[in-house]
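What follows is the content of start11.cif, which has mmCIF, C-alpha atoms:
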data_data
#
loop_
_atom_site.group_PDB
_atom_site.id
_atom_site.type_symbol
_atom_site.label_atom_id
_atom_site.label_comp_id
_atom_site.auth_asym_id
_atom_site.auth_seq_id
_atom_site.Cartn_x
_atom_site.Cartn_y
_atom_site.Cartn_z
ATOM 1 C CA MET B 1 -10.444 -0.155 -8.789
ATOM 2 C CA VAL B 2 -11.416 -0.875 -5.198
ATOM 3 C CA VAL B 3 -12.071 -4.597 -4.770
ATOM 4 C CA SER B 4 -12.916 -7.136 -2.098
ATOM 5 C CA GLU B 5 -10.366 -9.779 -1.180
ATOM 6 C CA SER B 6 -12.210 -12.422 -3.220
ATOM 7 C CA GLN B 7 -12.359 -10.111 -6.248
ATOM 8 C CA LEU B 8 -8.645 -9.436 -5.814
ATOM 9 C CA VAL B 9 -7.805 -13.139 -5.823
ATOM 10 C CA GLU B 10 -9.814 -13.614 -9.036
ATOM 11 C CA ALA B 11 -8.210 -10.574 -10.715
ATOM 12 C CA VAL B 12 -4.683 -11.702 -9.805
ATOM 13 C CA ALA B 13 -5.409 -15.190 -11.169
ATOM 14 C CA ARG B 14 -6.568 -13.644 -14.485
ATOM 15 C CA ASP B 15 -3.516 -11.378 -14.620
ATOM 16 C CA ARG B 16 -1.131 -14.242 -13.905
ATOM 17 C CA ALA B 17 -2.818 -16.375 -16.582
ATOM 18 C CA ALA B 18 -2.132 -13.503 -18.985
ATOM 19 C CA GLY B 19 1.559 -13.534 -18.006
ATOM 20 C CA LYS B 20 1.457 -10.360 -15.881
ATOM 21 C CA SER B 21 3.699 -9.845 -12.861
ATOM 22 C CA VAL B 22 2.231 -8.435 -9.652
ATOM 23 C CA ALA B 23 3.629 -5.794 -7.305
ATOM 24 C CA PHE B 24 2.136 -5.050 -3.894
ATOM 25 C CA ALA B 25 2.298 -1.915 -1.729
ATOM 26 C CA ASN B 26 0.473 -0.964 1.430
ATOM 27 C CA GLY B 27 -0.109 1.932 3.791
ATOM 28 C CA CYS B 28 -2.556 4.281 5.491
ATOM 29 C CA PHE B 29 -2.588 6.996 2.775
ATOM 30 C CA ASP B 30 -4.334 9.470 5.076
ATOM 31 C CA LEU B 31 -4.243 12.785 3.196
ATOM 32 C CA LEU B 32 -2.649 11.644 -0.034
ATOM 33 C CA HIS B 33 0.550 13.598 -0.758
ATOM 34 C CA VAL B 34 3.457 13.611 -3.219
ATOM 35 C CA GLY B 35 5.465 11.123 -1.134
ATOM 36 C CA HIS B 36 2.618 8.635 -1.445
ATOM 37 C CA VAL B 37 2.399 9.185 -5.202
ATOM 38 C CA ARG B 38 6.141 8.674 -5.665
ATOM 39 C CA TYR B 39 6.049 5.523 -3.517
ATOM 40 C CA LEU B 40 3.204 4.069 -5.570
ATOM 41 C CA GLN B 41 4.819 5.032 -8.876
ATOM 42 C CA GLY B 42 7.990 3.289 -7.743
ATOM 43 C CA ALA B 43 6.005 0.234 -6.712
ATOM 44 C CA ALA B 44 4.168 0.172 -10.050
ATOM 45 C CA ALA B 45 7.507 0.102 -11.860
ATOM 46 C CA GLU B 46 8.264 -3.238 -10.154
ATOM 47 C CA GLY B 47 5.463 -5.170 -11.894
ATOM 48 C CA ASP B 48 2.813 -5.176 -14.586
ATOM 49 C CA ARG B 49 -0.014 -4.809 -12.050
ATOM 50 C CA LEU B 50 -0.007 -2.903 -8.763
ATOM 51 C CA ILE B 51 -2.099 -3.928 -5.773
ATOM 52 C CA VAL B 52 -2.374 -1.397 -2.957
ATOM 53 C CA ALA B 53 -3.625 -2.507 0.460
ATOM 54 C CA VAL B 54 -5.051 0.387 2.483
ATOM 55 C CA ASN B 55 -5.303 0.138 6.274
ATOM 56 C CA ASP B 56 -8.852 0.293 7.617
ATOM 57 C CA ASP B 57 -9.911 3.079 9.988
ATOM 58 C CA ARG B 58 -9.356 1.084 13.180
ATOM 59 C CA SER B 59 -5.811 0.126 12.258
ATOM 60 C CA VAL B 60 -4.933 3.702 11.215
ATOM 61 C CA ALA B 61 -6.181 4.993 14.575
ATOM 62 C CA GLY B 62 -4.000 2.420 16.312
ATOM 63 C CA LEU B 63 -0.942 3.262 14.236
ATOM 64 C CA LYS B 64 -1.262 7.038 14.020
ATOM 65 C CA GLY B 65 -3.092 7.995 17.221
ATOM 66 C CA GLU B 66 -5.925 10.251 18.264
ATOM 67 C CA GLY B 67 -7.712 12.172 15.516
ATOM 68 C CA ARG B 68 -6.645 9.789 12.775
ATOM 69 C CA PRO B 69 -7.568 8.868 10.179
ATOM 70 C CA ILE B 70 -8.620 12.171 8.690
ATOM 71 C CA LEU B 71 -10.405 10.440 5.790
ATOM 72 C CA THR B 72 -12.389 7.211 5.970
ATOM 73 C CA ALA B 73 -10.953 4.006 4.562
ATOM 74 C CA SER B 74 -13.418 4.072 1.668
ATOM 75 C CA ASP B 75 -12.399 7.635 0.757
ATOM 76 C CA ARG B 76 -8.678 6.825 1.053
ATOM 77 C CA ALA B 77 -9.132 3.689 -1.075
ATOM 78 C CA GLU B 78 -11.015 5.633 -3.753
ATOM 79 C CA LEU B 79 -8.302 8.312 -3.919
ATOM 80 C CA VAL B 80 -5.529 5.723 -4.228
ATOM 81 C CA ALA B 81 -7.512 3.813 -6.869
ATOM 82 C CA ALA B 82 -7.787 6.998 -8.943
ATOM 83 C CA LEU B 83 -4.016 7.066 -9.489
ATOM 84 C CA ARG B 84 -3.101 5.898 -12.983
ATOM 85 C CA CYS B 85 -0.377 3.538 -11.734
ATOM 86 C CA VAL B 86 -2.702 1.596 -9.389
ATOM 87 C CA HIS B 87 -4.680 -1.387 -10.643
ATOM 88 C CA TYR B 88 -6.359 -2.780 -7.517
ATOM 89 C CA VAL B 89 -7.017 -1.413 -4.045
ATOM 90 C CA VAL B 90 -8.157 -3.530 -1.128
ATOM 91 C CA VAL B 91 -8.895 -2.336 2.413
ATOM 92 C CA PHE B 92 -7.504 -4.503 5.224
ATOM 93 C CA GLY B 93 -7.783 -4.520 8.998
ATOM 94 C CA ASP B 94 -5.077 -6.951 10.046
ATOM 95 C CA ALA B 95 -2.102 -5.807 12.126
ATOM 96 C CA THR B 96 0.200 -6.612 9.167
ATOM 97 C CA VAL B 97 -0.265 -7.455 5.490
ATOM 98 C CA GLU B 98 1.136 -10.975 5.901
ATOM 99 C CA ARG B 99 -2.237 -12.677 5.378
ATOM 100 C CA LEU B 100 -2.876 -10.679 2.193
ATOM 101 C CA LEU B 101 0.616 -11.392 0.909
ATOM 102 C CA LEU B 102 0.044 -15.119 1.413
ATOM 103 C CA LEU B 103 -3.380 -14.847 -0.222
ATOM 104 C CA VAL B 104 -2.183 -13.243 -3.481
ATOM 105 C CA LYS B 105 1.561 -14.015 -3.387
ATOM 106 C CA PRO B 106 2.746 -10.975 -5.341
ATOM 107 C CA ASP B 107 6.049 -11.219 -7.187
ATOM 108 C CA VAL B 108 7.374 -8.231 -5.268
ATOM 109 C CA HIS B 109 6.374 -6.558 -2.007
ATOM 110 C CA CYS B 110 7.245 -2.862 -2.105
ATOM 111 C CA LYS B 111 7.949 -0.681 0.912
ATOM 112 C CA GLY B 112 8.977 2.955 1.214
ATOM 113 C CA THR B 113 12.396 4.375 1.893
ATOM 114 C CA ASP B 114 11.760 4.553 5.632
ATOM 115 C CA TYR B 115 12.596 0.813 5.493
ATOM 116 C CA THR B 116 15.542 -1.239 4.346
ATOM 117 C CA VAL B 117 14.969 -4.669 2.824
ATOM 118 C CA GLU B 118 16.231 -6.160 6.094
ATOM 119 C CA SER B 119 13.816 -4.130 8.270
ATOM 120 C CA VAL B 120 10.587 -4.921 6.358
ATOM 121 C CA PRO B 121 8.452 -6.913 8.837
ATOM 122 C CA GLU B 122 6.979 -9.193 6.156
ATOM 123 C CA ARG B 123 10.293 -9.909 4.419
ATOM 124 C CA ALA B 124 10.514 -13.526 5.658
ATOM 125 C CA VAL B 125 6.943 -14.276 4.537
ATOM 126 C CA VAL B 126 7.650 -12.905 1.065
ATOM 127 C CA ALA B 127 10.951 -14.783 0.769
ATOM 128 C CA GLY B 128 9.187 -17.907 2.033
ATOM 129 C CA TYR B 129 6.980 -18.136 -1.049
ATOM 130 C CA GLY B 130 9.833 -17.220 -3.386
ATOM 131 C CA ALA B 131 9.218 -13.524 -4.058
ATOM 132 C CA ARG B 132 11.293 -10.449 -3.342
ATOM 133 C CA THR B 133 11.058 -7.231 -1.339
ATOM 134 C CA ALA B 134 11.870 -3.869 -2.952
ATOM 135 C CA ILE B 135 12.406 -0.435 -1.426
ATOM 136 C CA VAL B 136 10.857 2.242 -3.637
ATOM 137 C CA GLY B 137 9.941 5.919 -3.694
ATOM 138 C CA ASP B 138 11.766 9.076 -2.775
ATOM 139 C CA PRO B 139 13.447 9.815 0.548
ATOM 140 C CA LYS B 140 10.893 9.987 3.362
ATOM 141 C CA SER B 141 10.693 13.780 3.541
ATOM 142 C CA HIS B 142 6.896 14.012 3.272
ATOM 143 C CA ALA B 143 4.456 13.084 6.019
ATOM 144 C CA THR B 144 0.767 13.567 6.694
ATOM 145 C CA ARG B 145 1.694 14.552 10.267
ATOM 146 C CA GLU B 146 3.745 17.468 8.891
ATOM 147 C CA LEU B 147 0.927 18.522 6.556
ATOM 148 C CA LEU B 148 -1.476 18.573 9.501
ATOM 149 C CA LYS B 149 0.949 20.758 11.503
ATOM 150 C CA ARG B 150 1.221 23.202 8.593
ATOM 151 C CA ILE B 151 -2.567 23.354 8.197
ATOM 152 C CA ALA B 152 -3.085 23.921 11.928
ATOM 153 C CA ALA B 153 -0.478 26.718 11.929
ATOM 154 C CA SER B 154 -2.139 28.629 9.100
#
Show me this structure written as structure tokens.
Amino acid sequence: MVVSESQLVEAVARDRAAGKSVAFANGCFDLLHVGHVRYLQGAAAEGDRLIVAVNDDRSVAGLKGEGRPILTASDRAELVAALRCVHYVVVFGDATVERLLLLVKPDVHCKGTDYTVESVPERAVVAGYGARTAIVGDPKSHATRELLKRIAAS
């Protein structure tokens, strides 16, 4: 379900009280594709509950460039939330997810295979509160940019 930050904090507190572990993943998820699904399935396997933080429209435009995002943040969040492996989706506008990580302190922060544990920007923050970073998903051979090129060519 798509939640606000305050709703997320409350939900994580309930889950932790019930003995559930929490995994966290984040990304733009503009034009959801199989690489995204495999990344989120891998992240879900790291904990009992999966939080997904979706970049807001402004941050996607800054990261991906002109013409992006294709879908609005609310649409992208709703699509991600519809995946069976996802428990909570929150939209964020910060440059990184550090603030959210410190807010909910997930047991594991999951990143895709375009990273190594050592190259994850938030690794020190996660280690600082005693959690771990995991690399999940299939090899990065899927990209929204490539899908857009294929659509434009057809």
For the point (-8.0, 11.2, 12.3) in the file's frame, write as a list in words all residues with an atom no more than 10 Å away, counting only C-alpha atoms.
Asp30, Leu31, Asp57, Val60, Ala61, Lys64, Gly65, Glu66, Gly67, Arg68, Pro69, Ile70, Leu71 and Thr72 of chain B
Take the PyMOL selection byres ((chain B and resi 119-136) around 6), apply it to the structure above, and return the hits as number ranges by chain.
B: 39, 42, 107-113, 115-118, 137
Compare B:Glu78, B:Glu98, B:Asp56, B:Glu146 by their minimum atom-to-atom distance to Met1 of chain B, counting only C-alpha atoms, and give me the closest one.
B:Glu78
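Atom CA of Val2 of chain B sits 6.3 Å away from atom CA of Ala81 of chain B.
For the atom pair formed by atom CA of Val54 of chain B and atom CA of Leu40 of chain B, the distance is 12.1 Å, given to one decimal.
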Show me, as JSON, the centre and edge lengths in Å to one decimal of the axis-aligned box that covers every listed atom of segment 32-49 of chain B with 3 Å on each side.
{"center_x": 2.8, "center_y": 4.2, "center_z": -7.3, "size_x": 16.9, "size_y": 24.8, "size_z": 20.6}
Quote the spacing between atom CA of His87 of chain B and atom CA of Pro139 of chain B in Å to one decimal place.
24.1 Å
Can you find the residues with an atom no farther than 6 Å from (4.4, -9.2, -9.2), counting only C-alpha atoms, and report them as an MDAnalysis selection string?
chainID B and resid 21:23 47 106:108
Keeping C-alpha atoms, export the residues of the selection given above as an mmCIF file, in the coordinates of the input.
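As a result, selection_4.cif now contains:
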data_model
loop_
_atom_site.group_PDB
_atom_site.id
_atom_site.type_symbol
_atom_site.label_atom_id
_atom_site.label_comp_id
_atom_site.auth_asym_id
_atom_site.auth_seq_id
_atom_site.Cartn_x
_atom_site.Cartn_y
_atom_site.Cartn_z
ATOM 1 C CA SER B 21 3.699 -9.845 -12.861
ATOM 2 C CA VAL B 22 2.231 -8.435 -9.652
ATOM 3 C CA ALA B 23 3.629 -5.794 -7.305
ATOM 4 C CA GLY B 47 5.463 -5.170 -11.894
ATOM 5 C CA PRO B 106 2.746 -10.975 -5.341
ATOM 6 C CA ASP B 107 6.049 -11.219 -7.187
ATOM 7 C CA VAL B 108 7.374 -8.231 -5.268
#
Please identify all polymer residues within 8 Å of Gly35 of chain B, counting only C-alpha atoms, omitting same-chain residues fewer than 4 positions from it, and present them as a ChimeraX atom specification.
/B:39,137-138,140-143
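Remark: for Leu79 of chain B, the closest of the candidate residues B:Ala95, B:Ile151, B:Ser4, B:Val52 is B:Val52 (distances computed over all atoms listed in the file).
Shortest separation to Val9 of chain B among B:Leu100, B:Leu147, B:Ala153, B:Ala77 occurs at residue B:Leu100, atoms counted being all atoms listed in the file.
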